[in-house]
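**Q** Sharing a structure, written as structure tokens. Questions coming.
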Amino acid sequence: MGFIAFLKTQFIVHLLIGFVFVVSGLIINFIQLCTLVLWPINKQLYRRVNCRLAYSLWSQLVMLLEWWSGTECTLFSDEATVKTFGKEHVIIILNHNFEIDFLCGWTMTERFGVLGSSKVLAKRELLYVPLIGWTWYFLEIVFCKRKWEEDRDTVIEGLKRLSDYPEYMWFLLYCEGTRFTETKHRISMEVAESKGLPKLKYHLLPRTKGFTTAVQCLRGTVSAVYDVTLNFRGNKNPSLLGILYGKKYEADMCVRRFPLEDIPQDEKEAANWLHKLYQEKDALQEMYNQEGVFPGKQFKPPRRPWTLLNFLFWATVLLSPLFTFGFGVFASGSPLLILAFLGLVGAVPLEFVD
């Protein structure tokens, strides 16, 4: 084991990474709070500033995937589709089978310059989570309770508010609503059978309300829907903890572009279109499991240095005074001060992990 590989397994290093992420996130959230004064003066300037603030936080997680673990992401698509990446507003449909599927999506948004402006239809409970929920609030993320009767007006209003967004955005939808498990899959397929819908082998039954509403509200803003089907080579099931320990994975993503005008405007027909799409996604996963590849030409967008440079900036700013203070504490020789210092450093990231 090399020295770098050894460092990646050390708990103290993980604590320091967590410390940088949490403290920089709190600083970013405070700056975002201060930017609220811009909203009534220049809404578009407020949005552009917050896109860059969000990038400074999210890119730290992308850095862990790209530079710390060295995970590689390969796209399977066509040249015409790849040429549109980062140059249009789109809705992204991504399967929700893995713990780090969102991170693989983020690394693609970073490589095509839309990480800071990426959006998601998120559970309302996340709004109250420090760093994640707070950052999303300032980004005008649409939150829902997953109860359509209560969500309808809120979701429609939030989506329509994004119609004049100044930065190209990728709006992520997990149409399955929750991460795939065998238990959830069994229950989902029982629902499919009761509704006379085709059963799926690798996905849960998609929830159509969020998709049809997003298409209706963003029509005229969004140019296309990108269907993204994700899997990992070697039948791996990666985790965030594995990424933190520096484990390298190989992610494959099949990306298909559907112009929005090809999607029916009628709600029922659009819902049927989505069900058909998930049958196709199931077939793609079956092909991948049998052949180890998705159809289409392979593309490997190069990682950019900005995520690493951003993390190094925050690490320098936050760890330099921490090390200076820590040296003074240890130099004092006081057991009480030393224990208090170690407890404080460890408590900051662990508080947010819990």
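Ordering of the structure tokens sets the chain letters (A, B, ...), residue numbers begin anew at 1 in every chain, and ligands are numbered from 1 in the order given.
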Per residue of stretch 229-343 of chain A within 12 Å of stretch 174-190 of chain A, what are the shortest atom pair and its distance in Å to one decimal, counting only C-alpha atoms, with rows by chain and residue number, as a tab-separated table?

**A**
```
residue	atom	partner	partner_atom	distance
A:Thr229	CA	A:Tyr174	CA	11.4
A:Ala271	CA	A:Cys175	CA	11.0
A:Leu274	CA	A:Cys175	CA	9.0
A:His275	CA	A:Cys175	CA	10.2
A:Leu277	CA	A:Cys175	CA	11.1
A:Tyr278	CA	A:Cys175	CA	9.5
```

**Q** Do a neighbour search on A:Gln44 at 8 Å with only C-alpha atoms, toss out local chain neighbours closer than 3 positions, and write the hits as a count of residues only.

**A** 5

**Q** Please, which residues of stretch 121-292 of chain A, numbered as in this document, come out alpha helix (DSSP H) from DSSP, as a PyMOL selection string?

**A** chain A and resi 132-138+148-161+182-194+208-218+240-244+267-291

**Q** Can you pull out every residue within 6 Å of stretch 168-172 of chain A, counting only C-alpha atoms, but drop anything in the same chain fewer than 6 positions away, and send it as number ranges by chain?

**A** A: 88-92, 117-120

**Q** Would you work out the distance separating atom CA of A:Ser24 from atom CA of A:Leu57, expressed in Å to one decimal?

**A**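 Interatomic distance, atom CA of A:Ser24 to atom CA of A:Leu57: 7.4 Å.
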
**Q** Would you please work out which residue, of A:Lys300, A:Lys160, A:Lys209, A:Lys268, is nearest to A:Glu250 when using only C-alpha atoms?

**A**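 Using only C-alpha atoms, the shortest distance to A:Glu250 belongs to A:Lys300.
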
**Q** Would you please extract all strand (DSSP E or B) residues from stretch 177-244 of chain A, as assigned by DSSP on the backbone, and give them as number ranges by chain?

**A** A: 219, 222, 224-232

**Q** I want to know what sits within 12 Å of A:Phe299, based on only C-alpha atoms, with residues of the same chain fewer than 6 positions away left out; could you give that as an MDAnalysis selection string?

**A** chainID A and resid 72:79 81:83 108 252:255

**Q** Excluding A:Trp314 and its own-chain neighbours fewer than 5 positions away, which residues fall within 9 Å of it when counting only C-alpha atoms? Please give them as a PyMOL selection string.

**A** chain A and resi 20-21+24+309+319

**Q** Hey, what's within 10 Å of A:Gly70 if we count only C-alpha atoms and toss same-chain stuff fewer than 5 positions away? As JSON, numbers by chain, please?

**A** {"A": [63, 64, 65, 243, 246, 247, 248, 249, 250]}

**Q** Which residues are close to A:Arg111, i.e. within 9 Å by only C-alpha atoms, leaving aside same-chain residues fewer than 3 positions away? Reply as number ranges by chain.

**A** A: 86, 106-108, 114-115, 301-304

**Q** Expressed in Å to a single decimal, how great is the separation between atom CA of A:Pro238 and atom CA of A:Ile93?

**A**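 Atom CA of A:Ile93 lies at a distance of 20.2 Å from atom CA of A:Pro238.
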
**Q** Taking only C-alpha atoms into account, name the residue in A:Asn29, A:Thr71, A:Asn42, A:Ser59 that is nearest to A:Phe138.

**A** A:Asn29

**Q** So the first atom is atom CA of A:Cys217 and the second is atom CA of A:Ile156; what is the distance between them in Å, to one decimal place?

**A** 6.6 Å

**Q** With distances taken over only C-alpha atoms, which of A:Leu131, A:Val62, A:Pro335, A:Ala5 is nearest to A:Pro305?

**A**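 Among A:Leu131, A:Val62, A:Pro335, A:Ala5, it is A:Val62 that comes nearest to A:Pro305.
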